[in-house]
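Visitor: Dropping in entry35.pdb, which is PDB, C-alpha atoms, pLDDT in the B column:
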```pdb
ATOM      1  CA  MET A  74      41.310  89.941 -30.496  1.00 45.00           C
ATOM      2  CA  LYS A  75      41.103  87.396 -27.668  1.00 53.00           C
ATOM      3  CA  THR A  76      39.019  85.084 -29.864  1.00 58.00           C
ATOM      4  CA  SER A  77      41.561  85.416 -32.668  1.00 85.00           C
ATOM      5  CA  LYS A  78      44.426  84.540 -30.315  1.00 87.00           C
ATOM      6  CA  LEU A  79      42.518  81.553 -28.989  1.00 90.00           C
ATOM      7  CA  LEU A  80      41.749  80.295 -32.486  1.00 92.00           C
ATOM      8  CA  ASN A  81      45.393  80.623 -33.474  1.00 93.00           C
ATOM      9  CA  VAL A  82      46.402  78.555 -30.467  1.00 93.00           C
ATOM     10  CA  LEU A  83      43.744  75.888 -30.976  1.00 93.00           C
ATOM     11  CA  LEU A  84      44.358  75.639 -34.708  1.00 94.00           C
ATOM     12  CA  PHE A  85      48.124  75.487 -34.460  1.00 93.00           C
ATOM     13  CA  PRO A  86      48.363  72.019 -36.102  1.00 93.00           C
ATOM     14  CA  PHE A  87      46.319  73.260 -39.080  1.00 94.00           C
ATOM     15  CA  ARG A  88      48.443  76.392 -39.348  1.00 94.00           C
ATOM     16  CA  ALA A  89      51.627  74.316 -39.122  1.00 92.00           C
ATOM     17  CA  LEU A  90      50.535  72.144 -42.043  1.00 93.00           C
ATOM     18  CA  PHE A  91      48.871  74.624 -44.356  1.00 94.00           C
ATOM     19  CA  ILE A  92      49.809  78.221 -43.417  1.00 94.00           C
ATOM     20  CA  PRO A  93      53.609  78.279 -43.201  1.00 91.00           C
ATOM     21  CA  GLU A  94      54.290  81.728 -44.692  1.00 92.00           C
ATOM     22  CA  GLU A  95      51.356  83.928 -45.712  1.00 92.00           C
ATOM     23  CA  SER A  96      48.700  84.601 -43.082  1.00 94.00           C
ATOM     24  CA  LYS A  97      45.213  83.840 -44.396  1.00 93.00           C
ATOM     25  CA  TRP A  98      41.631  83.072 -43.386  1.00 91.00           C
ATOM     26  CA  GLY A  99      42.068  85.252 -40.322  1.00 90.00           C
ATOM     27  CA  LEU A 100      44.849  83.008 -39.023  1.00 94.00           C
ATOM     28  CA  LEU A 101      48.510  83.817 -38.460  1.00 95.00           C
ATOM     29  CA  SER A 102      51.084  81.959 -40.494  1.00 95.00           C
ATOM     30  CA  LEU A 103      53.853  80.293 -38.524  1.00 95.00           C
ATOM     31  CA  ARG A 104      56.331  82.746 -40.057  1.00 95.00           C
ATOM     32  CA  ASP A 105      54.316  85.803 -39.074  1.00 96.00           C
ATOM     33  CA  GLU A 106      53.727  84.524 -35.555  1.00 96.00           C
ATOM     34  CA  ARG A 107      57.419  83.731 -35.104  1.00 96.00           C
ATOM     35  CA  MET A 108      58.461  87.143 -36.384  1.00 97.00           C
ATOM     36  CA  ARG A 109      55.861  88.932 -34.280  1.00 97.00           C
ATOM     37  CA  VAL A 110      57.262  87.274 -31.162  1.00 97.00           C
ATOM     38  CA  VAL A 111      60.836  88.201 -32.091  1.00 98.00           C
ATOM     39  CA  ALA A 112      59.883  91.795 -32.929  1.00 98.00           C
ATOM     40  CA  SER A 113      58.370  92.239 -29.482  1.00 97.00           C
ATOM     41  CA  PHE A 114      61.866  91.849 -27.992  1.00 98.00           C
ATOM     42  CA  CYS A 115      63.768  93.980 -30.521  1.00 98.00           C
ATOM     43  CA  VAL A 116      65.059  97.418 -29.575  1.00 97.00           C
ATOM     44  CA  GLY A 117      66.987 100.122 -31.399  1.00 98.00           C
ATOM     45  CA  LYS A 118      69.018  99.359 -34.496  1.00 98.00           C
ATOM     46  CA  VAL A 119      68.324  95.811 -35.724  1.00 98.00           C
ATOM     47  CA  LEU A 120      70.288  93.475 -37.990  1.00 98.00           C
ATOM     48  CA  ASP A 121      68.378  90.425 -39.241  1.00 98.00           C
ATOM     49  CA  ILE A 122      70.777  87.669 -40.321  1.00 98.00           C
ATOM     50  CA  GLY A 123      69.489  85.172 -42.872  1.00 96.00           C
ATOM     51  CA  CYS A 124      66.610  87.464 -43.788  1.00 97.00           C
ATOM     52  CA  GLY A 125      65.309  85.309 -46.664  1.00 94.00           C
ATOM     53  CA  PRO A 126      63.020  86.302 -49.562  1.00 94.00           C
ATOM     54  CA  GLY A 127      61.760  89.859 -49.505  1.00 96.00           C
ATOM     55  CA  ASN A 128      63.717  90.828 -46.384  1.00 97.00           C
ATOM     56  CA  TYR A 129      60.368  90.145 -44.759  1.00 97.00           C
ATOM     57  CA  PHE A 130      61.113  90.681 -41.066  1.00 98.00           C
ATOM     58  CA  VAL A 131      62.662  94.116 -41.553  1.00 98.00           C
ATOM     59  CA  ASN A 132      60.124  95.288 -44.128  1.00 97.00           C
ATOM     60  CA  HIS A 133      57.026  94.168 -42.209  1.00 97.00           C
ATOM     61  CA  PHE A 134      57.965  94.195 -38.526  1.00 98.00           C
ATOM     62  CA  ILE A 135      60.932  96.533 -37.921  1.00 98.00           C
ATOM     63  CA  GLY A 136      61.069  99.084 -40.725  1.00 97.00           C
ATOM     64  CA  THR A 137      64.024  99.982 -42.909  1.00 96.00           C
ATOM     65  CA  SER A 138      64.784 103.120 -40.896  1.00 96.00           C
ATOM     66  CA  ASN A 139      65.784 100.945 -37.931  1.00 96.00           C
ATOM     67  CA  GLY A 140      66.478  97.576 -39.517  1.00 98.00           C
ATOM     68  CA  LEU A 141      68.698  95.876 -42.075  1.00 98.00           C
ATOM     69  CA  GLY A 142      68.428  92.343 -43.424  1.00 98.00           C
ATOM     70  CA  ILE A 143      71.308  90.318 -44.869  1.00 98.00           C
ATOM     71  CA  ASP A 144      71.566  86.846 -46.391  1.00 97.00           C
ATOM     72  CA  ILE A 145      74.183  84.676 -48.092  1.00 95.00           C
ATOM     73  CA  TYR A 146      71.767  83.786 -50.906  1.00 95.00           C
ATOM     74  CA  PRO A 147      70.374  86.334 -53.396  1.00 95.00           C
ATOM     75  CA  TYR A 148      66.711  85.618 -52.812  1.00 94.00           C
ATOM     76  CA  GLU A 149      64.271  87.925 -54.550  1.00 93.00           C
ATOM     77  CA  GLY A 150      64.021  91.185 -52.643  1.00 94.00           C
ATOM     78  CA  VAL A 151      67.305  90.759 -50.764  1.00 96.00           C
ATOM     79  CA  GLU A 152      69.488  93.800 -51.365  1.00 95.00           C
ATOM     80  CA  ASN A 153      72.336  92.946 -48.998  1.00 97.00           C
ATOM     81  CA  VAL A 154      74.086  89.676 -49.825  1.00 97.00           C
ATOM     82  CA  VAL A 155      77.074  88.739 -47.651  1.00 97.00           C
ATOM     83  CA  ASP A 156      79.269  85.899 -48.881  1.00 93.00           C
ATOM     84  CA  ASP A 157      80.741  85.000 -45.491  1.00 95.00           C
ATOM     85  CA  MET A 158      78.888  85.643 -42.243  1.00 96.00           C
ATOM     86  CA  GLY A 159      82.156  85.136 -40.382  1.00 95.00           C
ATOM     87  CA  PHE A 160      83.347  88.493 -41.770  1.00 96.00           C
ATOM     88  CA  LEU A 161      80.506  90.962 -41.582  1.00 97.00           C
ATOM     89  CA  PRO A 162      80.982  94.373 -43.226  1.00 96.00           C
ATOM     90  CA  PHE A 163      80.034  96.308 -40.092  1.00 97.00           C
ATOM     91  CA  GLU A 164      81.994  98.137 -37.418  1.00 97.00           C
ATOM     92  CA  ASP A 165      82.228  96.986 -33.806  1.00 97.00           C
ATOM     93  CA  ASP A 166      79.390  97.731 -31.365  1.00 97.00           C
ATOM     94  CA  LEU A 167      77.009  98.927 -34.072  1.00 98.00           C
ATOM     95  CA  TYR A 168      73.686  97.155 -33.458  1.00 98.00           C
ATOM     96  CA  ASP A 169      71.330  97.109 -30.495  1.00 98.00           C
ATOM     97  CA  THR A 170      69.730  93.854 -31.645  1.00 98.00           C
ATOM     98  CA  VAL A 171      70.841  91.000 -33.903  1.00 98.00           C
ATOM     99  CA  THR A 172      68.249  88.408 -34.912  1.00 98.00           C
ATOM    100  CA  LEU A 173      68.619  84.832 -36.170  1.00 98.00           C
ATOM    101  CA  ILE A 174      65.109  83.689 -36.997  1.00 97.00           C
ATOM    102  CA  ALA A 175      64.966  79.947 -37.723  1.00 94.00           C
ATOM    103  CA  VAL A 176      68.401  79.965 -39.355  1.00 95.00           C
ATOM    104  CA  GLY A 177      70.699  78.475 -36.691  1.00 95.00           C
ATOM    105  CA  GLY A 178      70.868  75.029 -38.240  1.00 94.00           C
ATOM    106  CA  HIS A 179      71.709  76.507 -41.610  1.00 94.00           C
ATOM    107  CA  ILE A 180      75.005  77.874 -40.320  1.00 96.00           C
ATOM    108  CA  PRO A 181      77.612  75.283 -41.440  1.00 95.00           C
ATOM    109  CA  LYS A 182      78.940  73.376 -38.432  1.00 96.00           C
ATOM    110  CA  SER A 183      82.582  74.315 -39.013  1.00 96.00           C
ATOM    111  CA  LYS A 184      81.682  78.030 -39.144  1.00 96.00           C
ATOM    112  CA  ARG A 185      79.391  78.339 -36.146  1.00 97.00           C
ATOM    113  CA  ALA A 186      81.917  79.389 -33.514  1.00 97.00           C
ATOM    114  CA  ALA A 187      83.428  82.043 -35.780  1.00 97.00           C
ATOM    115  CA  GLU A 188      80.056  83.391 -36.873  1.00 98.00           C
ATOM    116  CA  PHE A 189      78.647  83.728 -33.368  1.00 98.00           C
ATOM    117  CA  LYS A 190      81.837  85.528 -32.387  1.00 97.00           C
ATOM    118  CA  GLU A 191      81.212  87.914 -35.279  1.00 98.00           C
ATOM    119  CA  PHE A 192      77.563  88.412 -34.306  1.00 98.00           C
ATOM    120  CA  ALA A 193      78.729  89.385 -30.822  1.00 98.00           C
ATOM    121  CA  ARG A 194      81.377  91.754 -32.194  1.00 98.00           C
ATOM    122  CA  ILE A 195      78.852  93.962 -33.995  1.00 98.00           C
ATOM    123  CA  LEU A 196      76.504  94.151 -30.998  1.00 98.00           C
ATOM    124  CA  LYS A 197      76.680  97.109 -28.663  1.00 98.00           C
ATOM    125  CA  PRO A 198      77.485  96.304 -25.024  1.00 97.00           C
ATOM    126  CA  GLY A 199      74.141  95.466 -23.474  1.00 97.00           C
ATOM    127  CA  GLY A 200      72.739  94.619 -26.911  1.00 98.00           C
ATOM    128  CA  LYS A 201      70.670  91.498 -27.545  1.00 98.00           C
ATOM    129  CA  LEU A 202      71.127  88.535 -29.832  1.00 98.00           C
ATOM    130  CA  ILE A 203      67.700  86.973 -30.394  1.00 98.00           C
ATOM    131  CA  MET A 204      67.467  83.505 -31.876  1.00 98.00           C
ATOM    132  CA  THR A 205      64.574  81.151 -32.628  1.00 97.00           C
ATOM    133  CA  GLU A 206      64.972  77.431 -33.134  1.00 96.00           C
ATOM    134  CA  GLY A 207      62.400  74.653 -33.125  1.00 92.00           C
ATOM    135  CA  GLU A 208      62.638  71.182 -31.661  1.00 90.00           C
ATOM    136  CA  PRO A 209      64.784  68.753 -33.730  1.00 86.00           C
ATOM    137  CA  ILE A 210      62.111  66.190 -34.654  1.00 85.00           C
ATOM    138  CA  THR A 211      59.470  68.773 -35.539  1.00 86.00           C
ATOM    139  CA  GLN A 212      61.957  70.772 -37.604  1.00 87.00           C
ATOM    140  CA  TRP A 213      62.870  67.661 -39.581  1.00 85.00           C
ATOM    141  CA  ILE A 214      59.208  66.853 -40.201  1.00 87.00           C
ATOM    142  CA  ASN A 215      58.440  70.469 -41.114  1.00 85.00           C
ATOM    143  CA  HIS A 216      61.219  70.718 -43.675  1.00 85.00           C
ATOM    144  CA  LYS A 217      60.231  67.451 -45.324  1.00 88.00           C
ATOM    145  CA  TRP A 218      56.542  68.381 -45.351  1.00 90.00           C
ATOM    146  CA  TYR A 219      57.068  71.885 -46.728  1.00 87.00           C
ATOM    147  CA  SER A 220      59.305  70.573 -49.497  1.00 87.00           C
ATOM    148  CA  PHE A 221      56.437  68.288 -50.554  1.00 88.00           C
ATOM    149  CA  PHE A 222      53.722  70.911 -49.872  1.00 87.00           C
ATOM    150  CA  TYR A 223      55.337  73.467 -52.160  1.00 87.00           C
ATOM    151  CA  ALA A 224      56.325  70.903 -54.791  1.00 88.00           C
ATOM    152  CA  VAL A 225      52.702  69.882 -55.389  1.00 88.00           C
ATOM    153  CA  GLN A 226      51.964  73.569 -56.018  1.00 88.00           C
ATOM    154  CA  GLY A 227      54.795  73.786 -58.527  1.00 87.00           C
ATOM    155  CA  LYS A 228      56.892  75.886 -56.159  1.00 85.00           C
ATOM    156  CA  LYS A 229      60.064  75.527 -54.140  1.00 84.00           C
ATOM    157  CA  ASP A 230      60.451  76.153 -50.441  1.00 82.00           C
ATOM    158  CA  MET A 231      63.392  78.323 -49.319  1.00 82.00           C
ATOM    159  CA  ASP A 232      65.709  75.414 -48.613  1.00 82.00           C
ATOM    160  CA  SER A 233      64.985  73.686 -51.910  1.00 81.00           C
ATOM    161  CA  GLU A 234      65.555  76.937 -53.798  1.00 82.00           C
ATOM    162  CA  ARG A 235      68.909  77.614 -52.164  1.00 85.00           C
ATOM    163  CA  GLY A 236      70.018  74.055 -51.535  1.00 83.00           C
ATOM    164  CA  MET A 237      71.545  72.844 -48.280  1.00 84.00           C
ATOM    165  CA  ASP A 238      75.258  72.570 -47.573  1.00 85.00           C
ATOM    166  CA  ALA A 239      76.592  69.228 -46.306  1.00 88.00           C
ATOM    167  CA  GLU A 240      77.361  70.905 -42.945  1.00 92.00           C
ATOM    168  CA  GLU A 241      73.872  72.326 -42.493  1.00 91.00           C
ATOM    169  CA  GLU A 242      71.142  70.816 -40.324  1.00 91.00           C
ATOM    170  CA  PHE A 243      67.405  71.305 -40.128  1.00 89.00           C
ATOM    171  CA  CYS A 244      67.873  72.336 -36.499  1.00 91.00           C
ATOM    172  CA  MET A 245      70.863  73.433 -34.435  1.00 95.00           C
ATOM    173  CA  PRO A 246      71.295  71.107 -31.433  1.00 94.00           C
ATOM    174  CA  TYR A 247      70.248  72.580 -28.094  1.00 95.00           C
ATOM    175  CA  ASN A 248      73.671  72.061 -26.482  1.00 96.00           C
ATOM    176  CA  GLU A 249      75.315  74.099 -29.250  1.00 97.00           C
ATOM    177  CA  ILE A 250      72.813  76.920 -28.875  1.00 97.00           C
ATOM    178  CA  ILE A 251      73.509  77.093 -25.159  1.00 97.00           C
ATOM    179  CA  LEU A 252      77.263  76.954 -25.791  1.00 97.00           C
ATOM    180  CA  TYR A 253      77.380  79.751 -28.350  1.00 98.00           C
ATOM    181  CA  LEU A 254      74.963  81.998 -26.478  1.00 98.00           C
ATOM    182  CA  ASN A 255      77.030  81.631 -23.318  1.00 97.00           C
ATOM    183  CA  THR A 256      80.428  82.215 -24.917  1.00 97.00           C
ATOM    184  CA  HIS A 257      81.926  85.533 -23.824  1.00 96.00           C
ATOM    185  CA  PRO A 258      80.916  88.256 -24.464  1.00 97.00           C
ATOM    186  CA  LEU A 259      77.455  86.707 -24.860  1.00 98.00           C
ATOM    187  CA  ARG A 260      75.360  85.546 -21.908  1.00 98.00           C
ATOM    188  CA  LEU A 261      72.032  83.753 -22.308  1.00 98.00           C
ATOM    189  CA  THR A 262      69.477  85.638 -20.244  1.00 98.00           C
ATOM    190  CA  ARG A 263      66.126  84.242 -21.327  1.00 97.00           C
ATOM    191  CA  GLN A 264      64.510  81.255 -23.030  1.00 97.00           C
ATOM    192  CA  LEU A 265      60.813  81.018 -23.881  1.00 97.00           C
ATOM    193  CA  LYS A 266      58.698  78.407 -25.635  1.00 96.00           C
ATOM    194  CA  PHE A 267      55.813  79.165 -27.992  1.00 95.00           C
ATOM    195  CA  GLN A 268      53.757  77.479 -30.740  1.00 94.00           C
ATOM    196  CA  TRP A 269      52.595  74.657 -28.476  1.00 93.00           C
ATOM    197  CA  GLY A 270      56.067  74.479 -26.961  1.00 93.00           C
ATOM    198  CA  LEU A 271      57.546  73.299 -30.270  1.00 93.00           C
ATOM    199  CA  ASN A 272      59.457  76.513 -30.944  1.00 95.00           C
ATOM    200  CA  ASN A 273      61.943  78.365 -28.770  1.00 96.00           C
ATOM    201  CA  ILE A 274      63.187  81.913 -28.506  1.00 98.00           C
ATOM    202  CA  TYR A 275      66.598  82.487 -26.941  1.00 98.00           C
ATOM    203  CA  ILE A 276      67.816  85.921 -25.881  1.00 98.00           C
ATOM    204  CA  ALA A 277      71.473  86.558 -25.124  1.00 98.00           C
ATOM    205  CA  GLU A 278      73.014  89.830 -23.963  1.00 98.00           C
ATOM    206  CA  LYS A 279      76.444  91.178 -24.806  1.00 98.00           C
ATOM    207  CA  VAL A 280      78.125  91.884 -21.509  1.00 95.00           C
ATOM    208  CA  ASN A 281      80.569  94.707 -21.015  1.00 80.00           C
ATOM    209  CA  ASN A 282      84.211  93.726 -21.552  1.00 63.00           C
ATOM    210  CA  LEU A 283      86.178  93.583 -18.354  1.00 50.00           C
TER     211      LEU A 283
END
```
Take the structure from the file and write it as structure tokens.
Guide:
Amino acid sequence: MKTSKLLNVLLFPFRALFIPEESKWGLLSLRDERMRVVASFCVGKVLDIGCGPGNYFVNHFIGTSNGLGIDIYPYEGVENVVDDMGFLPFEDDLYDTVTLIAVGGHIPKSKRAAEFKEFARILKPGGKLIMTEGEPITQWINHKWYSFFYAVQGKKDMDSERGMDAEEEFCMPYNEIILYLNTHPLRLTRQLKFQWGLNNIYIAEKVNNL
């Protein structure tokens, strides 16, 4: 196990270029590593926002008995499509954990404040909002590379399949992340770097209303 972890660290550039989604050759894909890290912080009832094809995080890391995945696009394997994330079909204080895994930049700029307010609404007091976001330059390079990488295989990456709105970005700016995760009732409590320091996990807690 230690050797495997070491190899995954040392071979991160190779994994970043050629193993974006499906783990293979004894190496973790970037997706699986990212989701494994997020899952380690999840507790209780989990809502994964922007779940993507196959509702992968819930199905492989959380389990459908404790987790639910939603998306605005009807990718294959997504059973719960929500047209507007600013109006989620859930009652107040329902979830222990809400996750946003590499989707922050895909929230249209004009909708971000309203959507984060909605994410906070459905969290239980003391619940956690967990978000991952890479560094801006590496996210831009990654998206461009994966679009080409999949195209030469006759496939489409997630963003090419869905298309990107004019208000979307490849990466949500750091100052916005800090702003939204520190807007009452959310309070940013932890930030960690992983994947050679090129990816970040942010954990915010919903504080009790005064």
Visitor: Point out the residue among A:Asp156, A:Glu234, A:Glu242, A:Asp169 with the least atom-to-atom distance to Phe114 in chain A, counting all atoms listed in the file.
Guide: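 For Phe114 in chain A, the nearest of the candidates is A:Asp169.
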Visitor: Just checking: using all atoms listed in the file, which residue out of A:Gly207, A:Pro258, A:Gly127, A:Gly270 ends up closest to Phe243 in chain A?
Guide: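 Selected residue with least distance to Phe243 in chain A: A:Gly207.
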Visitor: Identify which of the residues A:Ala89, A:Leu103, A:Leu271, A:Ile276 lies closest to Phe222 in chain A, counting all atoms listed in the file when measuring atom-to-atom distances.
Guide: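 Using all atoms listed in the file, Phe222 in chain A sits closest to A:Ala89.
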Visitor: Got a sec: who's within 10 Å of Ile180 in chain A, counting all atoms listed in the file, leaving out chain neighbours fewer than 5 positions off, as a PyMOL selection string?
Guide: chain A and resi 123+158+185-186+188-189+238+240-242+244-245
Visitor: Near Ile203 in chain A, within 7 Å and counting only C-alpha atoms, which residues show up once chain neighbours fewer than 4 positions away are dropped, as a ChimeraX atom specification?
Guide: /A:171-173,275-277
Visitor: Set the distance at 9 Å and use all atoms listed in the file: which residues neighbour Pro147 in chain A once local chain neighbours fewer than 5 positions away are removed? I'd like the list as a ChimeraX atom specification.
Guide: /A:125-126,152-154,235
Visitor: What are the centre and the three edge lengths of an axis-aligned box that wraps all atoms of range 123-140 of chain A in the file, given that 5 Å is added to every side, written as JSON and rounded to one decimal in Å?
Guide:
```
{"center_x": 63.3, "center_y": 94.1, "center_z": -43.7, "size_x": 22.5, "size_y": 27.9, "size_z": 21.6}
```
